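As provided, entry.txt (compact mmCIF, C-alpha atoms) reads as follows.
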# COMPACT_ATOMS: atom_id res chain seq x y z
CA MET A 320 0.00 0.00 0.00
CA ALA A 321 1.33 3.43 -0.92
CA ILE A 322 1.82 5.92 1.90
CA ASP A 323 2.30 9.67 1.89
CA TYR A 324 4.57 11.96 3.91
CA ARG A 325 2.02 12.44 6.71
CA GLN A 326 1.60 8.68 7.13
CA SER A 327 5.38 8.40 7.50
CA GLY A 328 5.12 10.72 10.51
CA VAL A 329 5.76 14.18 9.05
CA ASP A 330 2.83 16.62 9.20
CA VAL A 331 3.59 19.29 6.62
CA GLU A 332 0.45 21.25 7.47
CA GLU A 333 1.52 21.49 11.12
CA GLY A 334 4.84 22.80 9.85
CA TYR A 335 3.08 25.52 7.89
CA ARG A 336 1.14 26.50 11.01
CA ALA A 337 4.36 26.67 13.02
CA VAL A 338 6.05 28.96 10.48
CA GLY A 339 3.03 31.24 10.49
CA LYS A 340 3.38 31.62 14.24
CA TYR A 341 7.13 32.16 13.99
CA LYS A 342 6.64 35.14 11.69
CA ASP A 343 4.78 37.13 14.33
CA HIS A 344 7.64 36.63 16.79
CA ALA A 345 10.29 37.47 14.21
CA LYS A 346 8.57 40.78 13.40
CA ARG A 347 9.29 41.93 16.96
CA THR A 348 13.03 41.61 16.34
CA SER A 349 13.30 43.60 13.12
CA ILE A 350 16.11 46.16 13.20
CA PRO A 351 17.74 48.39 10.57
CA GLY A 352 19.73 46.22 8.19
CA VAL A 353 17.20 43.40 7.74
CA LEU A 354 16.49 43.07 4.02
CA ASN A 355 13.91 40.28 3.99
CA GLY A 356 11.60 38.39 6.32
CA LEU A 357 11.08 34.80 7.41
CA GLY A 358 10.08 32.45 4.62
CA SER A 359 12.86 33.16 2.14
CA PHE A 360 15.47 30.54 1.37
CA ALA A 361 18.12 32.70 3.04
CA GLY A 362 18.15 35.69 5.35
CA MET A 363 19.85 38.89 4.24
CA PHE A 364 21.36 41.59 6.41
CA GLU A 365 23.10 44.73 5.19
CA VAL A 366 26.45 45.69 6.70
CA PRO A 367 25.91 48.94 8.61
CA ALA A 368 26.99 52.02 6.68
CA GLY A 369 30.07 53.95 7.69
CA MET A 370 32.23 51.07 8.89
CA LYS A 371 35.85 51.29 7.74
CA ASN A 372 37.17 47.80 8.35
CA PRO A 373 34.31 45.62 9.61
CA VAL A 374 34.98 42.20 11.14
CA MET A 375 32.17 39.65 11.28
CA VAL A 376 32.03 37.63 14.49
CA SER A 377 29.98 34.45 14.86
CA GLY A 378 29.02 32.09 17.65
CA THR A 379 26.89 28.96 17.86
CA ASP A 380 25.48 26.85 20.67
CA GLY A 381 22.42 25.03 21.95
CA VAL A 382 20.59 24.75 25.25
CA GLY A 383 21.69 21.24 26.16
CA THR A 384 19.95 19.02 28.68
CA LYS A 385 18.27 21.96 30.41
CA LEU A 386 15.60 21.25 27.79
CA ASP A 387 14.67 18.06 29.64
CA ILE A 388 13.47 20.12 32.61
CA ALA A 389 11.41 22.32 30.29
CA PHE A 390 9.76 19.20 28.83
CA ALA A 391 9.05 17.77 32.29
CA MET A 392 7.45 21.04 33.40
CA LYS A 393 5.76 21.66 30.04
CA LYS A 394 7.24 25.14 29.99
CA TYR A 395 8.74 25.91 26.61
CA ASP A 396 8.79 29.71 26.30
CA THR A 397 12.07 30.56 28.07
CA VAL A 398 14.68 28.08 26.81
CA GLY A 399 14.84 29.98 23.51
CA ILE A 400 16.29 32.89 25.49
CA ASP A 401 19.05 30.56 26.67
CA CYS A 402 19.72 29.54 23.07
CA VAL A 403 20.30 33.14 22.01
CA ALA A 404 22.21 34.05 25.16
CA MET A 405 24.79 31.32 24.74
CA SER A 406 25.78 32.64 21.31
CA VAL A 407 25.46 36.41 21.74
CA ASN A 408 27.32 36.44 25.06
CA ASP A 409 30.19 34.59 23.36
CA ILE A 410 30.18 37.09 20.50
CA LEU A 411 30.18 39.91 23.04
CA CYS A 412 33.55 38.75 24.45
CA THR A 413 35.21 40.28 21.37
CA GLY A 414 33.40 43.57 21.87
CA ALA A 415 31.19 42.96 18.83
CA LYS A 416 27.56 43.98 18.52
CA PRO A 417 25.26 41.07 17.58
CA LEU A 418 23.36 41.75 14.36
CA TYR A 419 21.24 38.68 13.72
CA PHE A 420 20.43 35.16 14.86
CA LEU A 421 19.16 31.98 13.19
CA ASP A 422 17.65 29.01 15.03
CA TYR A 423 17.21 25.30 14.43
CA VAL A 424 14.38 23.36 16.06
CA ALA A 425 14.19 19.57 15.71
CA CYS A 426 11.59 17.13 17.02
CA GLY A 427 10.03 13.72 16.52
CA LYS A 428 6.46 14.95 16.09
CA LEU A 429 5.77 18.64 15.56
CA ASP A 430 3.30 20.54 17.71
CA SER A 431 3.10 24.06 16.28
CA ASP A 432 2.14 25.56 19.66
CA ILE A 433 5.20 24.10 21.42
CA ALA A 434 7.49 25.04 18.55
CA ALA A 435 6.07 28.57 18.55
CA ASP A 436 6.75 28.85 22.30
CA LEU A 437 10.36 27.82 21.70
CA VAL A 438 10.72 30.45 18.97
CA LYS A 439 8.97 33.03 21.15
CA GLY A 440 11.86 32.61 23.60
CA VAL A 441 14.35 33.01 20.75
CA ALA A 442 12.62 36.24 19.72
CA ASP A 443 12.64 37.46 23.33
CA GLY A 444 16.38 36.82 23.47
CA CYS A 445 16.91 38.67 20.21
CA VAL A 446 14.93 41.66 21.46
CA ASP A 447 17.00 41.66 24.66
CA SER A 448 20.22 41.71 22.64
CA ASN A 449 18.99 44.16 19.97
CA CYS A 450 19.53 41.69 17.13
CA ALA A 451 17.19 40.34 14.46
CA LEU A 452 15.77 36.84 14.21
CA LEU A 453 16.67 36.48 10.56
CA GLY A 454 15.62 32.92 9.84
CA GLY A 455 15.72 29.32 10.97
CA GLU A 456 14.78 25.72 10.31
CA THR A 457 12.25 23.34 11.83
CA ALA A 458 13.01 19.66 11.30
CA GLU A 459 10.41 16.98 12.04
CA MET A 460 12.17 13.61 12.25
CA PRO A 461 9.83 10.81 13.38
CA GLY A 462 11.62 7.79 14.80
CA PHE A 463 14.80 9.78 15.35
CA TYR A 464 13.62 11.97 18.25
CA ASP A 465 11.18 10.66 20.85
CA GLU A 466 7.71 12.14 20.51
CA GLY A 467 7.36 15.14 22.80
CA LYS A 468 11.11 15.87 22.77
CA TYR A 469 12.61 18.86 21.01
CA ASP A 470 16.13 20.13 20.46
CA ILE A 471 16.98 23.75 19.80
CA ALA A 472 20.24 25.34 18.71
CA GLY A 473 21.27 28.40 16.76
CA PHE A 474 23.97 30.81 15.79
CA GLY A 475 24.47 34.54 15.84
CA VAL A 476 26.55 36.96 13.81
CA GLY A 477 27.92 40.24 15.08
CA ILE A 478 30.12 43.02 13.77
CA ILE A 479 32.92 45.24 15.03
CA GLU A 480 35.56 47.56 13.64
CA LYS A 481 38.83 45.62 13.43
CA GLU A 482 40.71 48.20 15.51
CA ASP A 483 38.15 47.81 18.31
CA VAL A 484 38.31 44.01 18.71
CA VAL A 485 38.95 42.96 22.31
CA THR A 486 41.51 40.16 22.00
CA GLY A 487 42.92 40.08 25.52
CA ALA A 488 46.31 41.17 24.20
CA ASN A 489 46.19 44.35 26.33
CA ILE A 490 45.60 42.59 29.64
CA GLU A 491 48.25 43.69 32.14
CA GLU A 492 49.47 42.71 35.55
CA GLY A 493 47.42 44.74 38.03
CA ASP A 494 44.22 44.78 35.99
CA VAL A 495 41.03 44.34 37.99
CA ILE A 496 38.38 41.72 37.24
CA ILE A 497 34.78 42.89 37.38
CA GLY A 498 32.09 40.21 37.62
CA LEU A 499 28.49 40.57 36.44
CA SER A 500 25.92 38.52 38.31
CA SER A 501 24.22 35.54 36.73
CA THR A 502 20.53 34.64 37.02
CA GLY A 503 21.41 31.23 38.42
CA VAL A 504 22.64 28.08 36.71
CA HIS A 505 22.20 29.56 33.20
CA SER A 506 22.59 26.74 30.62
CA ASN A 507 25.53 24.67 31.77
CA GLY A 508 26.01 21.73 34.10
CA PHE A 509 22.51 20.34 33.64
CA SER A 510 23.62 16.78 33.08
CA LEU A 511 24.77 16.95 36.71
CA VAL A 512 21.78 19.02 37.84
CA ARG A 513 19.37 16.42 36.48
CA LYS A 514 21.12 13.73 38.52
CA LEU A 515 20.60 15.78 41.67
CA VAL A 516 17.14 17.30 41.12
CA THR A 517 14.05 15.42 39.96
CA ASP A 518 11.42 16.95 42.26
CA TYR A 519 10.79 20.02 40.11
CA ASP A 520 7.60 21.02 41.97
CA THR A 521 9.33 21.33 45.35
CA PRO A 522 9.10 24.90 46.77
CA PHE A 523 12.40 26.79 46.71
CA ASN A 524 13.00 30.47 47.51
CA GLY A 525 9.45 31.55 46.68
CA LYS A 526 9.26 29.49 43.48
CA THR A 527 9.52 25.82 42.69
CA ILE A 528 13.01 24.46 42.24
CA GLY A 529 12.10 23.64 38.63
CA GLU A 530 11.21 27.28 37.94
CA THR A 531 14.50 28.36 39.54
CA LEU A 532 16.46 26.02 37.32
CA LEU A 533 14.60 27.21 34.21
CA GLU A 534 15.45 30.88 34.86
CA PRO A 535 16.94 31.94 31.50
CA THR A 536 20.58 32.82 30.97
CA ARG A 537 21.18 36.54 31.39
CA ILE A 538 22.05 38.36 28.17
CA TYR A 539 24.83 40.88 28.83
CA VAL A 540 24.87 42.56 25.43
CA ARG A 541 23.17 45.86 26.21
CA PRO A 542 25.01 46.75 29.45
CA VAL A 543 28.44 45.65 28.22
CA LEU A 544 28.13 47.48 24.90
CA ALA A 545 27.09 50.59 26.84
CA ILE A 546 30.23 50.29 28.96
CA LEU A 547 32.43 49.70 25.92
CA GLU A 548 31.05 52.82 24.28
CA LYS A 549 32.44 54.87 27.13
CA PHE A 550 35.39 52.81 28.44
CA ARG A 551 36.55 50.67 25.49
CA SER A 552 40.25 51.47 25.89
CA SER A 553 40.08 50.48 29.56
CA VAL A 554 38.47 47.07 28.94
CA HIS A 555 41.30 44.66 28.17
CA GLY A 556 39.57 41.27 28.17
CA MET A 557 36.17 39.63 28.64
CA VAL A 558 34.87 36.21 29.64
CA HIS A 559 31.51 34.48 29.24
CA VAL A 560 31.34 31.96 32.10
CA THR A 561 29.77 28.89 30.50
CA GLY A 562 30.51 25.15 30.66
CA GLY A 563 33.58 24.48 32.76
CA GLY A 564 32.90 27.39 35.09
CA PHE A 565 35.74 29.64 36.23
CA TYR A 566 38.53 27.15 35.63
CA GLU A 567 37.85 26.50 31.97
CA ASN A 568 36.69 29.94 30.83
CA VAL A 569 38.77 32.57 32.65
CA PRO A 570 42.11 31.37 31.17
CA ARG A 571 40.65 31.86 27.67
CA MET A 572 41.17 35.62 27.88
CA PHE A 573 44.94 35.42 28.55
CA PRO A 574 46.63 33.69 25.55
CA GLU A 575 47.32 36.81 23.46
CA ALA A 576 48.74 38.74 26.41
CA ASN A 577 50.83 35.77 27.48
CA LYS A 578 52.29 35.34 24.00
CA LYS A 579 53.74 38.83 24.31
CA ARG A 580 54.98 38.18 27.84
CA GLU A 581 56.71 34.97 26.78
CA LEU A 582 58.67 36.88 24.13
CA GLU A 583 59.62 39.41 26.79
CA GLY A 584 60.73 36.67 29.18
CA LYS A 585 57.98 37.48 31.69
CA ALA A 586 55.88 35.07 33.73
CA PRO A 587 52.38 34.36 32.42
CA LEU A 588 49.35 36.21 33.72
CA ILE A 589 46.77 34.44 35.85
CA SER A 590 43.63 35.42 37.79
CA VAL A 591 43.11 35.60 41.55
CA PHE A 592 39.57 35.86 42.88
CA LYS A 593 38.60 37.11 46.32
CA LYS A 594 36.25 34.81 48.19
CA GLY A 595 33.08 36.50 49.42
CA SER A 596 33.32 39.43 46.99
CA TRP A 597 30.05 38.49 45.28
CA GLU A 598 26.82 36.77 46.22
CA ILE A 599 26.57 33.09 45.29
CA PRO A 600 22.91 32.26 44.52
CA ALA A 601 21.19 29.82 46.85
CA ILE A 602 20.62 27.30 44.05
CA PHE A 603 24.32 26.42 44.08
CA THR A 604 24.27 25.72 47.81
CA GLU A 605 21.20 23.57 47.24
CA LEU A 606 22.97 21.58 44.53
CA GLU A 607 25.94 21.08 46.82
CA ASN A 608 23.62 19.94 49.62
CA ARG A 609 22.09 17.43 47.22
CA GLY A 610 25.44 15.87 46.45
CA ALA A 611 27.36 18.04 43.98
CA ALA A 612 31.08 17.76 44.74
CA LYS A 613 32.11 20.92 46.61
CA ASP A 614 35.63 20.92 45.22
CA ARG A 615 34.31 20.81 41.64
CA MET A 616 31.63 23.51 41.80
CA PHE A 617 33.83 26.18 40.19
CA ASN A 618 34.85 23.66 37.52
CA THR A 619 31.22 23.10 36.53
CA PHE A 620 29.02 26.12 37.27
CA ASN A 621 29.16 29.90 36.95
CA MET A 622 28.66 30.21 40.74
CA GLY A 623 26.79 33.50 40.39
CA ILE A 624 29.06 35.24 37.87
CA GLY A 625 27.96 34.99 34.25
CA PHE A 626 30.33 37.48 32.63
CA MET A 627 33.66 39.10 33.53
CA LEU A 628 35.73 42.04 32.35
CA ALA A 629 39.44 42.62 32.95
CA VAL A 630 39.84 46.40 33.20
CA LYS A 631 42.41 49.04 34.09
CA ALA A 632 42.59 49.32 37.86
CA ASP A 633 42.15 53.09 37.89
CA LYS A 634 38.85 52.79 35.98
CA ALA A 635 37.35 49.86 37.86
CA GLU A 636 35.32 51.84 40.37
CA GLU A 637 33.94 54.09 37.64
CA ILE A 638 32.97 51.09 35.48
CA VAL A 639 31.23 49.33 38.39
CA LYS A 640 29.21 52.49 39.02
CA ALA A 641 28.34 52.75 35.32
CA PHE A 642 27.00 49.18 35.39
CA ALA A 643 24.94 50.02 38.49
CA ASP A 644 23.53 53.11 36.77
CA PHE A 645 22.59 51.01 33.72
CA ALA A 646 20.80 48.42 35.87
CA ALA A 647 18.91 51.12 37.78
CA LYS A 648 17.51 52.51 34.52
CA ASP A 649 16.91 49.19 32.75
CA ASP A 650 13.38 47.96 32.23
CA GLY A 651 14.45 44.47 31.17
CA ARG A 652 16.20 41.45 32.64
CA CYS A 653 19.36 43.42 33.46
CA SER A 654 17.60 45.52 36.09
CA THR A 655 18.68 43.02 38.77
CA MET A 656 22.23 42.63 37.46
CA LYS A 657 24.99 43.47 39.93
CA ALA A 658 28.60 44.37 39.09
CA SER A 659 31.38 43.76 41.60
CA VAL A 660 35.15 43.81 41.74
CA ILE A 661 35.84 40.10 42.28
CA GLY A 662 39.49 39.61 41.44
CA LYS A 663 42.72 40.78 39.89
CA VAL A 664 45.29 39.85 37.27
CA VAL A 665 48.72 38.88 38.60
CA ALA A 666 51.92 37.33 37.30
CA ALA A 667 52.25 33.62 38.02
CA SER A 668 55.02 32.38 40.25
CA GLY A 669 55.76 29.58 37.78
CA LYS A 670 54.69 28.31 34.34
CA ALA A 671 51.01 28.03 35.35
CA GLU A 672 50.30 25.12 33.02
CA THR A 673 47.21 23.70 34.75
CA GLN A 674 43.80 25.31 35.28
CA GLU A 675 44.32 25.13 39.05
CA GLU A 676 47.50 27.21 38.62
CA GLN A 677 45.77 29.74 36.34
CA VAL A 678 42.68 30.39 38.47
CA LEU A 679 43.38 31.02 42.16
CA PHE A 680 41.20 32.05 45.12
CA GLU A 681 42.19 34.00 48.21
CA ASP A 682 40.39 34.90 51.44
Let me see whether you can do it: turn the structure in this file into structure tokens.
Amino acid sequence: MAIDYRQSGVDVEEGYRAVGKYKDHAKRTSIPGVLNGLGSFAGMFEVPAGMKNPVMVSGTDGVGTKLDIAFAMKKYDTVGIDCVAMSVNDILCTGAKPLYFLDYVACGKLDSDIAADLVKGVADGCVDSNCALLGGETAEMPGFYDEGKYDIAGFGVGIIEKEDVVTGANIEEGDVIIGLSSTGVHSNGFSLVRKLVTDYDTPFNGKTIGETLLEPTRIYVRPVLAILEKFRSSVHGMVHVTGGGFYENVPRMFPEANKKRELEGKAPLISVFKKGSWEIPAIFTELENRGAAKDRMFNTFNMGIGFMLAVKADKAEEIVKAFADFAAKDDGRCSTMKASVIGKVVAASGKAETQEEQVLFED
């Protein structure tokens, strides 16, 4: 007996309905430079006028197993924010302004309402980072993904003048590290989290613990770009604290500076963080109480700091105040963001070849 595409498990009509819903969300993200809308074979974006030597900067990521908690709680409208955040915060580490984002949604059986909720979150993340949702793809793959399960990933593209790129090459001994607060676990470490937490409806700090874990990743684009506009020459390096926590991500801002120091015969630069200089959200204590290894917390989680900047010491206080002023005026998800001096850049006493030698803590 002959069968058609629907009988094989792919509902094309449901796909059409999903795309129709996506278009309304994408309209909210339109910014100058967008040359066409959703539905074309490719998205087009015009390079902003007046740039002398533009550099395109791209980043890609997904949400990971945090999605499993969203499925369990049947809450799909926030993980799209995480998807955008993971890419645009990475792009931001170069000092670039995100221009546009494209998403990819895959599932076993498409429900246009669920898919539209996922894309709503993507659009919310794009609005928060002042970039356009330029296009995407929805893949229905019966028999490949379990019914009711979705995956979402995407990539963003930003732009910056070549002379303004923040490479980390200007980081110096004596620089101060400013930390920007996270909204919680963000989007990393959830394979461990899901081993420790299964009772998502349990009350926790005025919410359920599931709602706390689903709090979207903070997008740092608007406040950091505002700081760079005023203090760009004083910002020497930046870090997005993602998978691997402090130990894996902080050393990523030092290679260019340390190349120069090696040629000069100087010891490499490392970071030293002051314990107690920022507030660690209660969710991390809860995870530790549930069995997360205490001595590996900073290797796995952001521990309350989602983004860092290495800045000139004589500008640190002024930059912290500027972040506070931004948060006080913000009407979005950065209104609760706190900036603190959390550490410093020092010269290592040896070769500093391991992560434990590159990221130190002091009382």
At most 10 Å is the cut-off: for each residue in range 328-433 of chain A with any atom that close to an atom of range 517-528 of chain A, write down the nearest atom pair and the distance in Å rounded to one decimal, counting only C-alpha atoms, chain first then increasing number, as CSV.
residue,atom,partner,partner_atom,distance
A:Ile388,CA,A:Tyr519,CA,8.0
A:Ala391,CA,A:Tyr519,CA,8.3
A:Met392,CA,A:Tyr519,CA,7.6
Computed interatomic separation between CA of Val376 in chain A and CA of Gly477 in chain A (Å): 4.9 Å
Within 6 Å of range 531-541 of chain A, counting only C-alpha atoms, which residues show up once you throw out same-chain ones fewer than 6 positions away? Write them as a PDB file with C-alpha atoms, keeping the file's coordinate frame, please.
ATOM      1  CA  ASP A 401      19.050  30.560  26.670  1.00  0.00           C
ATOM      2  CA  ALA A 404      22.210  34.050  25.160  1.00  0.00           C
ATOM      3  CA  SER A 448      20.220  41.710  22.640  1.00  0.00           C
ATOM      4  CA  THR A 502      20.530  34.640  37.020  1.00  0.00           C
ATOM      5  CA  HIS A 505      22.200  29.560  33.200  1.00  0.00           C
TER       6      HIS A 505
END
Polymer residues at most 10 Å from Ser659 in chain A, all atoms listed in the file, same-chain spacing of 4 or more positions, as a PyMOL selection string: chain A and resi 496-500+596-598+624+627+635-636+638-640+642-643
With the cut-off set at 12 Å and counting only C-alpha atoms, tabulate each residue of range 464-570 of chain A with an atom at most that distance from an atom of range 413-437 of chain A, showing the nearest atom pair and its distance in Å to one decimal, ordered by chain and increasing number, as a tab-separated table.
residue	atom	partner	partner_atom	distance
A:Tyr464	CA	A:Gly427	CA	4.4
A:Asp465	CA	A:Gly427	CA	5.4
A:Glu466	CA	A:Gly427	CA	4.9
A:Gly467	CA	A:Lys428	CA	6.8
A:Lys468	CA	A:Cys426	CA	5.9
A:Tyr469	CA	A:Cys426	CA	4.5
A:Asp470	CA	A:Ala425	CA	5.2
A:Ile471	CA	A:Val424	CA	4.6
A:Ala472	CA	A:Tyr423	CA	5.2
A:Gly473	CA	A:Asp422	CA	4.1
A:Phe474	CA	A:Leu421	CA	5.6
A:Gly475	CA	A:Phe420	CA	4.2
A:Val476	CA	A:Tyr419	CA	5.6
A:Gly477	CA	A:Pro417	CA	3.7
A:Ile478	CA	A:Ala415	CA	5.2
A:Ile479	CA	A:Ala415	CA	4.8
A:Glu480	CA	A:Ala415	CA	8.2
A:Lys481	CA	A:Ala415	CA	9.7
A:Glu482	CA	A:Gly414	CA	10.7
A:Asp483	CA	A:Gly414	CA	7.3
A:Val484	CA	A:Thr413	CA	5.5
A:Val485	CA	A:Thr413	CA	4.7
A:Thr486	CA	A:Thr413	CA	6.3
A:Gly487	CA	A:Thr413	CA	8.8
A:Ala488	CA	A:Thr413	CA	11.5
A:Ile538	CA	A:Pro417	CA	11.4
A:Tyr539	CA	A:Lys416	CA	11.1
A:Val540	CA	A:Lys416	CA	7.5
A:Arg541	CA	A:Lys416	CA	9.1
A:Pro542	CA	A:Lys416	CA	11.6
A:Val543	CA	A:Gly414	CA	8.3
A:Leu544	CA	A:Gly414	CA	7.2
A:Ala545	CA	A:Lys416	CA	10.6
A:Ile546	CA	A:Gly414	CA	10.3
A:Leu547	CA	A:Gly414	CA	7.4
A:Glu548	CA	A:Gly414	CA	9.8
A:Phe550	CA	A:Gly414	CA	11.5
A:Arg551	CA	A:Gly414	CA	8.6
A:Ser552	CA	A:Gly414	CA	11.2
A:Val554	CA	A:Gly414	CA	9.4
A:His555	CA	A:Thr413	CA	10.1
A:Gly556	CA	A:Thr413	CA	8.1
A:Met557	CA	A:Thr413	CA	7.4
A:Val558	CA	A:Thr413	CA	9.2
A:His559	CA	A:Thr413	CA	10.5
10 Å contact set for range 604-617 of chain A, all atoms listed in the file, chain neighbours under 4 positions out, as a list of chain:residue names: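 Counting all atoms listed in the file, the residues come to A:Gly508, A:Leu511, A:Val512, A:Lys514, A:Leu515, A:Val516, A:Phe523, A:Ile528, A:Gly563, A:Gly564, A:Phe565, A:Tyr566, A:Glu567, A:Ile599, A:Pro600, A:Asn621, A:Met622, A:Val678.
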Point-to-point distance from CA of Leu582 in chain A to CA of Lys670 in chain A, Å rounded to tenths: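 Going from CA of Leu582 in chain A over to CA of Lys670 in chain A covers 13.9 Å.
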Surrounding residues of Val441 in chain A excluding itself and chain neighbours under 3 positions, 6 Å, all atoms listed in the file, as number ranges by chain: A: 399-400, 438, 444
Given all atoms listed in the file as the counted atoms, nearest of A:Ser553, A:Asn449, A:Thr384, A:Asn489 to Glu575 in chain A: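 Result for the nearest residue to Glu575 in chain A: A:Asn489.
Going from CA of Gly334 in chain A to CA of Lys385 in chain A covers 24.6 Å.
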Within 8 Å of Leu354 in chain A, counting all atoms listed in the file, which residues qualify if same-chain residues fewer than 3 places away don't, as a short mmCIF file (atom, residue, chain, number, x, y, z; two decimals) with C-alpha atoms, keeping the file's coordinate frame?
data_model
loop_
_atom_site.label_atom_id
_atom_site.label_comp_id
_atom_site.auth_asym_id
_atom_site.auth_seq_id
_atom_site.Cartn_x
_atom_site.Cartn_y
_atom_site.Cartn_z
CA GLY A 362 18.15 35.69 5.35
CA MET A 363 19.85 38.89 4.24
CA PHE A 364 21.36 41.59 6.41
CA GLU A 365 23.10 44.73 5.19
#
Which of A:Leu411, A:Ala368, A:Val398, A:Leu628 sits closest to Leu386 in chain A [using all atoms listed in the file]: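 Checking each of A:Leu411, A:Ala368, A:Val398, A:Leu628 against Leu386 in chain A, counting all atoms listed in the file, the winner is A:Val398.
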Which of A:Ala641, A:Val569, A:Ile490, A:Ala451 sits closest to His344 in chain A [using all atoms listed in the file]: A:Ala451
Distance criterion (all atoms listed in the file): nearest to Asp409 in chain A out of A:Asn372, A:Thr561, A:Asn507, A:Thr397: A:Thr561
Residue among A:Gly383, A:Gly503, A:Gly358, A:Gly440 lying closest to Leu453 in chain A, counting all atoms listed in the file: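 Once distances to Leu453 in chain A are computed over all atoms listed in the file, the minimum belongs to A:Gly358.
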